[in-house]
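A.B. asks: Got a file for you: entry-v9.cif, mmCIF, C-alpha atoms (C1' of nucleotides).
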data_run
loop_
_atom_site.label_atom_id
_atom_site.label_comp_id
_atom_site.auth_asym_id
_atom_site.auth_seq_id
_atom_site.Cartn_x
_atom_site.Cartn_y
_atom_site.Cartn_z
CA MET J 1 0.00 0.00 0.00
CA PRO J 2 1.40 3.38 -0.94
CA ARG J 3 1.54 5.84 1.87
CA TRP J 4 -0.34 8.54 -0.13
CA GLU J 5 -3.03 8.60 -2.74
CA PRO J 6 -1.45 8.79 -6.20
CA ASP J 7 -1.53 11.70 -8.65
CA ALA J 8 -1.44 14.54 -6.15
CA GLN J 9 -0.89 17.06 -8.94
CA GLY J 10 -3.88 15.88 -10.94
CA ARG J 11 -6.07 15.94 -7.84
CA LEU J 12 -5.07 19.54 -7.21
CA LYS J 13 -5.81 20.52 -10.81
CA ARG J 14 -9.25 18.97 -10.80
CA ALA J 15 -10.14 20.39 -7.39
CA ALA J 16 -9.01 23.86 -8.45
CA LEU J 17 -11.01 23.87 -11.68
CA GLU J 18 -14.18 22.79 -9.91
CA LEU J 19 -13.79 25.26 -7.08
CA PHE J 20 -13.03 28.11 -9.48
CA GLU J 21 -16.13 27.22 -11.47
CA ALA J 22 -18.29 26.97 -8.37
CA GLN J 23 -17.24 30.06 -6.44
CA GLY J 24 -14.77 32.01 -8.57
CA PHE J 25 -10.99 32.30 -8.53
CA GLU J 26 -10.65 35.12 -6.01
CA ARG J 27 -13.01 33.55 -3.52
CA THR J 28 -11.28 30.20 -3.33
CA SER J 29 -8.17 29.98 -1.21
CA VAL J 30 -5.18 27.77 -1.83
CA ALA J 31 -5.85 26.12 1.51
CA GLN J 32 -9.32 25.16 0.30
CA ILE J 33 -8.01 23.65 -2.94
CA ALA J 34 -5.45 21.65 -1.03
CA ARG J 35 -8.01 20.48 1.50
CA THR J 36 -10.34 19.35 -1.27
CA ALA J 37 -7.51 17.36 -2.83
CA GLY J 38 -6.57 15.86 0.54
CA LEU J 39 -3.32 17.79 0.88
CA THR J 40 -2.00 20.78 2.77
CA GLU J 41 -1.52 24.30 1.49
CA ARG J 42 2.22 23.85 1.66
CA SER J 43 2.07 20.83 -0.60
CA PHE J 44 0.15 22.82 -3.19
CA TYR J 45 3.13 25.14 -3.53
CA ARG J 46 5.39 22.17 -4.07
CA TYR J 47 3.55 21.36 -7.28
CA PHE J 48 2.67 24.83 -8.51
CA PRO J 49 4.66 28.02 -8.04
CA ASP J 50 1.51 30.07 -7.44
CA LYS J 51 -2.25 29.85 -7.27
CA ARG J 52 -2.89 30.70 -10.92
CA GLU J 53 -0.43 28.22 -12.32
CA VAL J 54 -2.63 25.29 -11.35
CA LEU J 55 -4.64 26.05 -14.49
CA PHE J 56 -1.64 26.60 -16.76
CA ALA J 57 0.83 23.83 -16.03
CA GLY J 58 2.17 22.04 -19.07
CA ASP J 59 3.64 23.35 -22.30
CA GLU J 60 2.52 20.82 -24.89
CA LEU J 61 1.34 23.50 -27.31
CA GLN J 62 4.61 25.37 -27.19
CA THR J 63 6.78 22.31 -27.72
CA HIS J 64 4.54 21.10 -30.53
CA LEU J 65 4.63 24.40 -32.39
CA VAL J 66 8.36 24.86 -31.96
CA ALA J 67 9.05 21.32 -33.16
CA GLN J 68 6.82 21.78 -36.19
CA VAL J 69 8.43 25.07 -37.13
CA GLU J 70 11.91 23.67 -36.79
CA ALA J 71 11.02 20.67 -38.92
CA ALA J 72 9.26 22.72 -41.58
CA ASP J 73 10.32 22.77 -45.23
CA PRO J 74 13.06 25.43 -45.49
CA GLY J 75 11.44 26.64 -48.69
CA LEU J 76 8.37 27.80 -46.83
CA THR J 77 7.87 31.44 -45.98
CA PRO J 78 7.99 32.08 -42.20
CA ILE J 79 4.28 32.79 -42.07
CA GLU J 80 3.52 29.65 -44.00
CA ALA J 81 5.63 27.56 -41.68
CA LEU J 82 3.86 28.96 -38.62
CA LEU J 83 0.38 28.57 -40.00
CA THR J 84 0.85 24.99 -41.18
CA ALA J 85 2.29 24.20 -37.75
CA LEU J 86 -0.80 25.68 -36.15
CA GLY J 87 -3.05 23.68 -38.45
CA THR J 88 -1.77 20.43 -36.93
CA ALA J 89 -2.23 21.50 -33.32
CA ASP J 90 -5.86 20.63 -32.86
CA GLU J 91 -5.06 17.45 -30.94
CA ILE J 92 -3.47 19.55 -28.21
CA PHE J 93 -6.77 21.27 -27.56
CA ARG J 94 -8.63 18.13 -26.63
CA PRO J 95 -10.68 17.22 -24.80
CA ARG J 96 -12.75 20.12 -26.00
CA GLU J 97 -14.99 19.84 -22.94
CA PHE J 98 -12.13 20.55 -20.56
CA LEU J 99 -10.85 23.36 -22.75
CA LEU J 100 -14.22 25.09 -22.76
CA ARG J 101 -14.57 24.91 -18.98
CA ARG J 102 -11.06 26.27 -18.64
CA VAL J 103 -11.68 29.13 -21.07
CA ARG J 104 -14.78 30.16 -19.17
CA VAL J 105 -13.02 30.16 -15.82
CA ILE J 106 -10.13 32.19 -17.20
CA ALA J 107 -12.43 34.73 -18.83
CA ALA J 108 -14.24 35.23 -15.53
CA SER J 109 -11.13 36.31 -13.60
CA PRO J 110 -8.84 39.22 -14.50
CA ALA J 111 -5.97 37.60 -12.64
CA LEU J 112 -6.28 34.44 -14.71
CA ALA J 113 -6.71 36.39 -17.94
CA GLU J 114 -3.45 38.12 -17.13
CA ARG J 115 -1.65 34.84 -16.71
CA ASP J 116 -3.19 33.52 -19.91
CA LEU J 117 -1.74 36.43 -21.85
CA ILE J 118 1.74 35.89 -20.51
CA LYS J 119 1.58 32.20 -21.34
CA LEU J 120 0.77 33.15 -24.91
CA ALA J 121 3.66 35.59 -24.83
CA ASP J 122 5.96 32.79 -23.68
CA ILE J 123 4.92 30.70 -26.65
CA ALA J 124 5.53 33.71 -28.86
CA ASP J 125 9.04 34.11 -27.46
CA ALA J 126 9.82 30.47 -28.13
CA LEU J 127 8.57 30.79 -31.69
CA VAL J 128 10.65 33.92 -32.22
CA ARG J 129 13.72 31.91 -31.30
CA ALA J 130 12.63 29.15 -33.67
CA LEU J 131 12.31 31.61 -36.53
CA GLU J 132 15.70 33.08 -35.74
CA HIS J 133 17.15 29.59 -36.15
CA ARG J 134 15.70 29.66 -39.64
CA GLY J 135 17.66 32.82 -40.32
CA VAL J 136 14.95 35.41 -39.83
CA GLU J 137 16.18 38.68 -38.41
CA PRO J 138 15.02 39.10 -34.75
CA GLY J 139 12.85 42.19 -35.14
CA LYS J 140 11.17 40.75 -38.18
CA ALA J 141 10.68 37.41 -36.45
CA ARG J 142 8.84 39.08 -33.60
CA PHE J 143 6.62 40.85 -36.09
CA ILE J 144 5.85 37.72 -38.07
CA ILE J 145 4.95 35.89 -34.87
CA ASP J 146 2.59 38.62 -33.74
CA VAL J 147 0.81 38.47 -37.07
CA ALA J 148 0.66 34.69 -36.97
CA ILE J 149 -0.82 34.83 -33.47
CA ALA J 150 -3.51 37.17 -34.70
CA VAL J 151 -4.40 34.60 -37.35
CA ALA J 152 -4.24 31.81 -34.78
CA ARG J 153 -6.64 33.55 -32.43
CA ARG J 154 -9.11 34.18 -35.21
CA ALA J 155 -8.90 30.60 -36.47
CA THR J 156 -9.12 28.86 -33.09
CA SER J 157 -11.99 31.07 -32.06
CA ARG J 158 -13.85 29.90 -35.15
CA TRP J 159 -12.82 26.33 -34.44
CA LEU J 160 -14.26 26.47 -30.94
CA ALA J 161 -17.55 27.75 -32.31
CA ASP J 162 -17.71 25.32 -35.22
CA PRO J 163 -16.67 21.78 -34.24
CA ASP J 164 -17.10 20.45 -37.76
CA ALA J 165 -14.50 22.49 -39.57
CA THR J 166 -10.90 21.37 -39.40
CA LEU J 167 -8.39 23.73 -37.89
CA SER J 168 -6.12 23.86 -40.92
CA GLU J 169 -9.04 24.80 -43.17
CA LEU J 170 -9.90 27.67 -40.87
CA VAL J 171 -6.29 28.79 -40.75
CA ALA J 172 -6.11 28.95 -44.54
CA GLN J 173 -9.40 30.82 -44.68
CA THR J 174 -8.16 33.34 -42.12
CA ALA J 175 -4.94 33.86 -44.05
CA ASP J 176 -7.03 34.83 -47.05
CA GLU J 177 -8.96 37.23 -44.87
CA LEU J 178 -5.69 38.79 -43.77
CA ARG J 179 -4.50 39.35 -47.32
CA GLU J 180 -7.77 40.99 -48.16
CA ALA J 181 -7.71 43.22 -45.07
CA VAL J 182 -4.24 44.61 -45.73
CA ALA J 183 -4.64 44.95 -49.47
CA PRO J 184 -4.84 48.56 -50.64
CA PRO J 185 -8.48 49.50 -51.16
CA ALA J 186 -9.84 49.00 -54.63
CA PRO J 187 -8.91 52.23 -56.43
CA THR J 188 -12.17 52.72 -58.29
CA VAL J 189 -15.06 50.35 -58.16
CA GLY J 190 -17.35 50.39 -61.20
CA MET I 1 0.50 76.63 4.22
CA PRO I 2 -1.09 73.47 2.88
CA ARG I 3 -1.39 70.71 5.37
CA TRP I 4 0.33 68.14 3.10
CA GLU I 5 2.98 68.23 0.44
CA PRO I 6 1.33 68.47 -2.98
CA ASP I 7 1.25 65.82 -5.73
CA ALA I 8 1.21 62.73 -3.55
CA GLN I 9 0.46 60.55 -6.54
CA GLY I 10 3.38 61.90 -8.53
CA ARG I 11 5.72 61.44 -5.57
CA LEU I 12 4.64 57.81 -5.28
CA LYS I 13 5.18 57.20 -8.99
CA ARG I 14 8.66 58.69 -8.98
CA ALA I 15 9.68 56.90 -5.81
CA ALA I 16 8.43 53.60 -7.18
CA LEU I 17 10.26 53.91 -10.50
CA GLU I 18 13.54 54.74 -8.80
CA LEU I 19 13.24 51.97 -6.24
CA PHE I 20 12.31 49.43 -8.90
CA GLU I 21 15.32 50.49 -10.93
CA ALA I 22 17.64 50.34 -7.96
CA GLN I 23 16.62 47.06 -6.36
CA GLY I 24 14.01 45.39 -8.53
CA PHE I 25 10.24 45.19 -8.32
CA GLU I 26 9.95 42.12 -6.12
CA ARG I 27 12.47 43.35 -3.60
CA THR I 28 10.84 46.68 -2.94
CA SER I 29 7.86 46.71 -0.63
CA VAL I 30 4.87 48.99 -0.85
CA ALA I 31 5.73 50.28 2.61
CA GLN I 32 9.15 51.33 1.33
CA ILE I 33 7.70 53.19 -1.64
CA ALA I 34 5.27 55.01 0.61
CA ARG I 35 7.98 55.85 3.12
CA THR I 36 10.19 57.25 0.38
CA ALA I 37 7.33 59.44 -0.81
CA GLY I 38 6.60 60.59 2.73
CA LEU I 39 3.32 58.68 3.06
CA THR I 40 2.06 55.53 4.68
CA GLU I 41 1.44 52.19 3.02
CA ARG I 42 -2.30 52.68 3.43
CA SER I 43 -2.17 55.94 1.50
CA PHE I 44 -0.41 54.19 -1.37
CA TYR I 45 -3.44 51.97 -1.81
CA ARG I 46 -5.68 55.02 -1.89
CA TYR I 47 -3.97 56.15 -5.08
CA PHE I 48 -3.25 52.81 -6.74
CA PRO I 49 -5.27 49.62 -6.50
CA ASP I 50 -2.15 47.49 -6.30
CA LYS I 51 1.62 47.64 -6.32
CA ARG I 52 2.04 47.17 -10.08
CA GLU I 53 -0.43 49.83 -11.08
CA VAL I 54 1.88 52.59 -9.87
CA LEU I 55 3.70 52.15 -13.19
CA PHE I 56 0.57 51.89 -15.33
CA ALA I 57 -1.84 54.58 -14.15
CA GLY I 58 -3.34 56.72 -16.87
CA ASP I 59 -5.03 55.82 -20.12
CA GLU I 60 -4.03 58.64 -22.44
CA LEU I 61 -2.97 56.27 -25.21
CA GLN I 62 -6.27 54.41 -25.16
CA THR I 63 -8.44 57.52 -25.22
CA HIS I 64 -6.31 59.05 -27.95
CA LEU I 65 -6.51 56.01 -30.20
CA VAL I 66 -10.22 55.50 -29.65
CA ALA I 67 -10.94 59.16 -30.38
CA GLN I 68 -8.85 59.08 -33.54
CA VAL I 69 -10.52 55.92 -34.80
CA GLU I 70 -13.98 57.28 -34.13
CA ALA I 71 -13.15 60.52 -35.91
CA ALA I 72 -11.54 58.81 -38.88
CA ASP I 73 -12.76 59.21 -42.46
CA PRO I 74 -15.51 56.61 -42.95
CA GLY I 75 -14.04 55.80 -46.34
CA LEU I 76 -10.88 54.41 -44.77
CA THR I 77 -10.35 50.70 -44.41
CA PRO I 78 -10.31 49.60 -40.72
CA ILE I 79 -6.62 48.87 -40.84
CA GLU I 80 -5.91 52.23 -42.39
CA ALA I 81 -7.92 54.02 -39.74
CA LEU I 82 -6.03 52.25 -36.97
CA LEU I 83 -2.61 52.82 -38.43
CA THR I 84 -3.12 56.49 -39.13
CA ALA I 85 -4.41 56.89 -35.58
CA LEU I 86 -1.25 55.22 -34.31
CA GLY I 87 0.90 57.47 -36.45
CA THR I 88 -0.28 60.52 -34.50
CA ALA I 89 0.32 59.01 -31.06
CA ASP I 90 3.98 59.82 -30.68
CA GLU I 91 3.28 62.71 -28.33
CA ILE I 92 1.82 60.29 -25.83
CA PHE I 93 5.13 58.47 -25.58
CA ARG I 94 7.09 61.47 -24.33
CA PRO I 95 9.29 62.12 -22.58
CA ARG I 96 11.26 59.37 -24.25
CA GLU I 97 13.68 59.21 -21.32
CA PHE I 98 10.95 58.24 -18.90
CA LEU I 99 9.50 55.72 -21.35
CA LEU I 100 12.83 53.99 -21.78
CA ARG I 101 13.39 53.68 -18.03
CA ARG I 102 9.87 52.33 -17.66
CA VAL I 103 10.32 49.78 -20.45
CA ARG I 104 13.50 48.51 -18.87
CA VAL I 105 11.92 48.11 -15.45
CA ILE I 106 8.93 46.29 -16.89
CA ALA I 107 11.09 43.94 -18.93
CA ALA I 108 13.04 43.03 -15.80
CA SER I 109 10.03 41.77 -13.85
CA PRO I 110 7.63 39.02 -14.95
CA ALA I 111 4.90 40.47 -12.76
CA LEU I 112 5.15 43.83 -14.47
CA ALA I 113 5.39 42.26 -17.91
CA GLU I 114 2.14 40.49 -17.14
CA ARG I 115 0.41 43.73 -16.24
CA ASP I 116 1.82 45.39 -19.34
CA LEU I 117 0.24 42.76 -21.53
CA ILE I 118 -3.17 43.16 -19.95
CA LYS I 119 -3.01 46.91 -20.34
CA LEU I 120 -2.38 46.39 -24.04
CA ALA I 121 -5.28 43.97 -24.11
CA ASP I 122 -7.51 46.60 -22.54
CA ILE I 123 -6.59 49.04 -25.28
CA ALA I 124 -7.32 46.33 -27.81
CA ASP I 125 -10.77 45.76 -26.30
CA ALA I 126 -11.56 49.46 -26.49
CA LEU I 127 -10.46 49.57 -30.12
CA VAL I 128 -12.57 46.54 -30.94
CA ARG I 129 -15.59 48.41 -29.65
CA ALA I 130 -14.58 51.44 -31.70
CA LEU I 131 -14.39 49.35 -34.85
CA GLU I 132 -17.76 47.79 -34.10
CA HIS I 133 -19.20 51.29 -34.01
CA ARG I 134 -17.89 51.67 -37.54
CA GLY I 135 -19.90 48.61 -38.52
CA VAL I 136 -17.18 45.99 -38.48
CA GLU I 137 -18.36 42.54 -37.44
CA PRO I 138 -17.06 41.68 -33.92
CA GLY I 139 -14.91 38.67 -34.77
CA LYS I 140 -13.36 40.47 -37.68
CA ALA I 141 -12.78 43.59 -35.56
CA ARG I 142 -10.82 41.57 -33.03
CA PHE I 143 -8.73 40.12 -35.81
CA ILE I 144 -8.02 43.48 -37.41
CA ILE I 145 -7.00 44.90 -34.06
CA ASP I 146 -4.61 42.05 -33.38
CA VAL I 147 -2.96 42.62 -36.73
CA ALA I 148 -2.79 46.35 -36.17
CA ILE I 149 -1.17 45.79 -32.79
CA ALA I 150 1.46 43.62 -34.40
CA VAL I 151 2.24 46.50 -36.75
CA ALA I 152 2.20 48.95 -33.86
CA ARG I 153 4.70 46.93 -31.84
CA ARG I 154 7.05 46.68 -34.78
CA ALA I 155 6.79 50.37 -35.57
CA THR I 156 7.16 51.66 -32.01
CA SER I 157 10.08 49.35 -31.40
CA ARG I 158 11.81 50.90 -34.40
CA TRP I 159 10.82 54.36 -33.19
CA LEU I 160 12.42 53.77 -29.81
CA ALA I 161 15.64 52.69 -31.46
CA ASP I 162 15.69 55.47 -34.07
CA PRO I 163 14.74 58.86 -32.60
CA ASP I 164 15.01 60.62 -35.94
CA ALA I 165 12.32 58.80 -37.87
CA THR I 166 8.73 59.88 -37.39
CA LEU I 167 6.26 57.36 -36.10
CA SER I 168 3.87 57.62 -39.03
CA GLU I 169 6.70 56.96 -41.49
CA LEU I 170 7.63 53.83 -39.62
CA VAL I 171 4.02 52.69 -39.49
CA ALA I 172 3.68 53.02 -43.24
CA GLN I 173 6.95 51.18 -43.75
CA THR I 174 5.83 48.35 -41.48
CA ALA I 175 2.53 48.09 -43.32
CA ASP I 176 4.48 47.50 -46.52
CA GLU I 177 6.50 44.85 -44.73
CA LEU I 178 3.26 43.17 -43.69
CA ARG I 179 1.91 43.04 -47.23
CA GLU I 180 5.15 41.52 -48.40
CA ALA I 181 5.21 38.92 -45.63
CA VAL I 182 1.71 37.62 -46.30
CA ALA I 183 1.95 37.71 -50.07
CA PRO I 184 2.12 34.27 -51.68
CA PRO I 185 5.75 33.43 -52.46
CA ALA I 186 6.98 34.29 -55.91
CA PRO I 187 5.94 31.27 -58.01
CA THR I 188 9.14 30.92 -60.01
CA VAL I 189 12.11 33.19 -59.70
CA GLY I 190 14.32 33.08 -62.82
"C1'" DA Q 1 17.65 -8.48 7.19
"C1'" DT Q 2 19.36 -4.17 8.57
"C1'" DC Q 3 20.79 0.51 7.43
"C1'" DG Q 4 21.11 4.77 5.17
"C1'" DA Q 5 19.48 7.69 1.42
"C1'" DT Q 6 15.68 9.60 -0.93
"C1'" DG Q 7 11.20 11.31 -1.80
"C1'" DA Q 8 6.65 12.94 -0.53
"C1'" DC Q 9 4.36 15.18 2.70
"C1'" DA Q 10 2.97 17.92 7.23
"C1'" DA Q 11 3.68 21.49 10.68
"C1'" DC Q 12 5.14 25.84 11.93
"C1'" DA Q 13 6.74 30.56 11.50
"C1'" DG Q 14 7.09 34.72 8.99
"C1'" DA Q 15 7.25 38.44 5.27
"C1'" DT Q 16 4.42 40.90 2.17
"C1'" DG Q 17 0.21 42.30 -0.47
"C1'" DC Q 18 -4.05 44.11 0.19
"C1'" DT Q 19 -8.58 45.57 2.75
"C1'" DG Q 20 -11.84 47.46 6.31
"C1'" DT Q 21 -12.57 50.70 9.79
"C1'" DC Q 22 -12.11 54.51 12.63
"C1'" DA Q 23 -9.69 58.56 14.47
"C1'" DT Q 24 -7.36 62.89 13.39
"C1'" DC Q 25 -6.63 67.42 11.94
"C1'" DA Q 26 -6.26 71.44 8.71
"C1'" DC Q 27 -9.28 73.99 6.01
"C1'" DA Q 28 -13.74 75.97 4.30
"C1'" DT Q 29 -18.16 77.68 5.28
"C1'" DA Q 30 -21.78 79.58 7.91
"C1'" DT O 1 -17.89 79.45 17.34
"C1'" DA O 2 -19.79 75.44 15.31
"C1'" DT O 3 -19.90 72.17 11.75
"C1'" DG O 4 -18.71 69.68 7.69
"C1'" DT O 5 -15.25 67.92 4.29
"C1'" DG O 6 -11.40 65.52 2.68
"C1'" DA O 7 -6.85 63.64 2.92
"C1'" DT O 8 -4.21 61.03 5.91
"C1'" DG O 9 -2.58 57.97 9.81
"C1'" DA O 10 -3.21 54.00 12.95
"C1'" DC O 11 -4.51 49.50 13.66
"C1'" DA O 12 -6.40 45.00 12.88
"C1'" DG O 13 -6.91 41.23 9.83
"C1'" DC O 14 -6.91 37.82 5.93
"C1'" DA O 15 -4.56 35.63 2.00
"C1'" DT O 16 -0.53 34.60 -0.80
"C1'" DC O 17 3.79 32.75 -0.85
"C1'" DT O 18 8.47 31.19 1.28
"C1'" DG O 19 11.95 28.94 4.42
"C1'" DT O 20 12.80 25.40 7.38
"C1'" DT O 21 12.46 21.22 9.84
"C1'" DG O 22 10.53 16.71 11.11
"C1'" DT O 23 8.26 12.27 9.87
"C1'" DC O 24 7.67 8.15 7.62
"C1'" DA O 25 7.34 4.88 3.57
"C1'" DT O 26 10.19 3.03 -0.17
"C1'" DC O 27 14.45 1.47 -2.34
"C1'" DG O 28 19.07 -0.04 -2.88
"C1'" DA O 29 23.30 -1.74 -0.90
"C1'" DT O 30 25.68 -4.30 2.23
#
Show me this structure written as structure tokens.

C.D. replies:
Amino acid sequence: MPRWEPDAQGRLKRAALELFEAQGFERTSVAQIARTAGLTERSFYRYFPDKREVLFAGDELQTHLVAQVEAADPGLTPIEALLTALGTADEIFRPREFLLRRVRVIAASPALAERDLIKLADIADALVRALEHRGVEPGKARFIIDVAIAVARRATSRWLADPDATLSELVAQTADELREAVAPPAPTVG
Amino acid sequence: MPRWEPDAQGRLKRAALELFEAQGFERTSVAQIARTAGLTERSFYRYFPDKREVLFAGDELQTHLVAQVEAADPGLTPIEALLTALGTADEIFRPREFLLRRVRVIAASPALAERDLIKLADIADALVRALEHRGVEPGKARFIIDVAIAVARRATSRWLADPDATLSELVAQTADELREAVAPPAPTVG
DNA sequence: ATCGATGACAACAGATGCTGTCATCACATA
DNA sequence: TATGTGATGACAGCATCTGTTGTCATCGAT
């Protein structure tokens, strides 16, 4: 018999998500999360550096995107490489049920929204480095990534609302939308 | 004789910036900032809702951009309206000396970088609403704003590094760079 | 089979961020 | 003189997060 129940980290994650859903992020204390998971407050901080991080642990998306960009055909344009990488990332977002609950909890708390933004920024930083490895100049790499993230947000937002479409389809469609938006306005229309 | 020294808020801001520069954000306490400014910790929280906000108070940039977008020529494309609004915002960023110190302090602290991102997101939200007033569909407005922010970051970064160029020049130049980046690659180059 | 190292956790103490509440005191006004 | 207003101080209190130490299973080596 093991001395402790297994999967302490997973128990903390599940307890936190349910408590945040039930009573909000600010109104649940770390001690309460730990108690619900059968642990002490101090043990919580062994697994997560702070209260918000319990919803953000793991970096599968970042490692996936970086790997895809580094393995991409060198003939591809940086934007193309990023967007095709994004198109293959839909497996990371499953199960959709969990993702939707998480998105709702994050949107309901400014503190969690803040953390969400910086996690996205971390992914962006990693992708900037990946583009630099491909020979893109740093300032330009940052710019390309910001544009690609704009496309990614648009495409994944559509993907969440429309479960039938495939992510890579939506990415391609959004890229078209981008070209149209930045094109100089039609000089004279009929 | 006034009972208290004037400009308590300004004294707190200046004390905070200098202390953050000297010893870092995490290692300076609110009590220390208040003491340096000749106030108590409790008074600090009367002027700023939390420790980070002492570097972020004020929303001149947001109100300027929103006003410019709402006053823009209805014939302009959304992207054009945003970028021309940005081109006139350089006065907000002065004095450049102060801005540079602030940028360095923010970059040195993850907690401040987090807050910086959410302030940018707040501006983005306000601009989304402004575009919706112009009749842009919400999802598309969000997308356009994200792209415009990518351009803005690129252009202001160049502006900080090159004091001679004017911001609107750099914005136009970055817009060209964007069109080039998203254009389909040249099919066959002799 | 015993012993020591390691790992997972609890218990305790403390610094700091942030909030609620009330008293204080100069100043304005009547 | 009396009274109100507004900025501030004083004090108490909760929550987040950290440092440190002790306990007890498990594992490997002797």

A.B. asks: Using the chain letters and numbers from the file, give me the residues hit by the PyMOL selection byres ((chain I) within 7 of (chain J)), as a compact mmCIF listing (two decimals) with C-alpha atoms, in the coordinates of the input.

C.D. replies:
# COMPACT_ATOMS: atom_id res chain seq x y z
CA ILE I 79 -6.62 48.87 -40.84
CA GLU I 114 2.14 40.49 -17.14
CA ARG I 115 0.41 43.73 -16.24
CA LEU I 117 0.24 42.76 -21.53
CA ILE I 118 -3.17 43.16 -19.95
CA PHE I 143 -8.73 40.12 -35.81
CA ASP I 146 -4.61 42.05 -33.38
CA VAL I 147 -2.96 42.62 -36.73
CA ALA I 150 1.46 43.62 -34.40
CA ARG I 154 7.05 46.68 -34.78
CA ARG I 179 1.91 43.04 -47.23
CA VAL I 182 1.71 37.62 -46.30

A.B. asks: Specify as a short mmCIF file (atom, residue, chain, number, x, y, z; two decimals) with C-alpha atoms (C1' of nucleotides), in the frame of the given file all residues of chain Q found within 8 Å of chain I, counting only C-alpha atoms (C1' of nucleotides).

C.D. replies:
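Contents of the output file part.cif:
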data_model
loop_
_atom_site.label_atom_id
_atom_site.label_comp_id
_atom_site.auth_asym_id
_atom_site.auth_seq_id
_atom_site.Cartn_x
_atom_site.Cartn_y
_atom_site.Cartn_z
"C1'" DT Q 16 4.42 40.90 2.17
"C1'" DC Q 18 -4.05 44.11 0.19
"C1'" DA Q 26 -6.26 71.44 8.71
#

A.B. asks: Hey, which of Q:DA1, Q:DA13, Q:DA23, Q:DT29 ends up closest to DT21 (chain O)? Count all atoms listed in the file.

C.D. replies: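 Ranked by minimum distance to DT21 (chain O), first place goes to Q:DA13.
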
A.B. asks: List, as a list in words, every residue that the PyMOL selection byres ((chain O) within 8 of (chain J)) selects in the file provided.

C.D. replies: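 So the PyMOL selection byres ((chain O) within 8 of (chain J)) ends up selecting DA15, DC17 and DA25 of chain O.
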
A.B. asks: What does the structure give for the distance between CA of Asp122 (chain J) and CA of Gly58 (chain J), in Å to one decimal?

C.D. replies: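 Distance reported for this atom pair: 12.3 Å.
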
A.B. asks: Missing atoms in region 105-115 of chain J need filling: write out N, CA, C and O atoms for it as a tab-separated table (two decimals), keeping the file's coordinate frame.

C.D. replies:
chain	number	residue	atom	x	y	z
J	105	VAL	N	-13.57	29.76	-17.12
J	105	VAL	CA	-13.02	30.16	-15.82
J	105	VAL	C	-12.01	31.28	-15.98
J	105	VAL	O	-12.00	32.26	-15.23
J	106	ILE	N	-11.15	31.16	-16.99
J	106	ILE	CA	-10.13	32.19	-17.20
J	106	ILE	C	-10.77	33.52	-17.55
J	106	ILE	O	-10.39	34.57	-17.04
J	107	ALA	N	-11.79	33.47	-18.41
J	107	ALA	CA	-12.43	34.73	-18.83
J	107	ALA	C	-13.12	35.41	-17.65
J	107	ALA	O	-13.29	36.63	-17.66
J	108	ALA	N	-13.49	34.65	-16.64
J	108	ALA	CA	-14.24	35.23	-15.53
J	108	ALA	C	-13.33	35.89	-14.50
J	108	ALA	O	-13.83	36.54	-13.58
J	109	SER	N	-12.02	35.77	-14.62
J	109	SER	CA	-11.13	36.31	-13.60
J	109	SER	C	-10.01	37.12	-14.24
J	109	SER	O	-9.20	36.58	-15.00
J	110	PRO	N	-9.92	38.40	-13.94
J	110	PRO	CA	-8.84	39.22	-14.50
J	110	PRO	C	-7.46	38.65	-14.20
J	110	PRO	O	-6.58	38.68	-15.06
J	111	ALA	N	-7.29	38.13	-13.00
J	111	ALA	CA	-5.97	37.60	-12.64
J	111	ALA	C	-5.59	36.43	-13.54
J	111	ALA	O	-4.44	36.29	-13.97
J	112	LEU	N	-6.57	35.58	-13.84
J	112	LEU	CA	-6.28	34.44	-14.71
J	112	LEU	C	-6.11	34.88	-16.16
J	112	LEU	O	-5.29	34.33	-16.89
J	113	ALA	N	-6.88	35.88	-16.58
J	113	ALA	CA	-6.71	36.39	-17.94
J	113	ALA	C	-5.30	36.94	-18.12
J	113	ALA	O	-4.67	36.75	-19.16
J	114	GLU	N	-4.81	37.62	-17.09
J	114	GLU	CA	-3.45	38.12	-17.13
J	114	GLU	C	-2.45	36.99	-17.36
J	114	GLU	O	-1.59	37.06	-18.23
J	115	ARG	N	-2.57	35.96	-16.58
J	115	ARG	CA	-1.65	34.84	-16.71
J	115	ARG	C	-1.76	34.18	-18.08
J	115	ARG	O	-0.77	33.76	-18.68
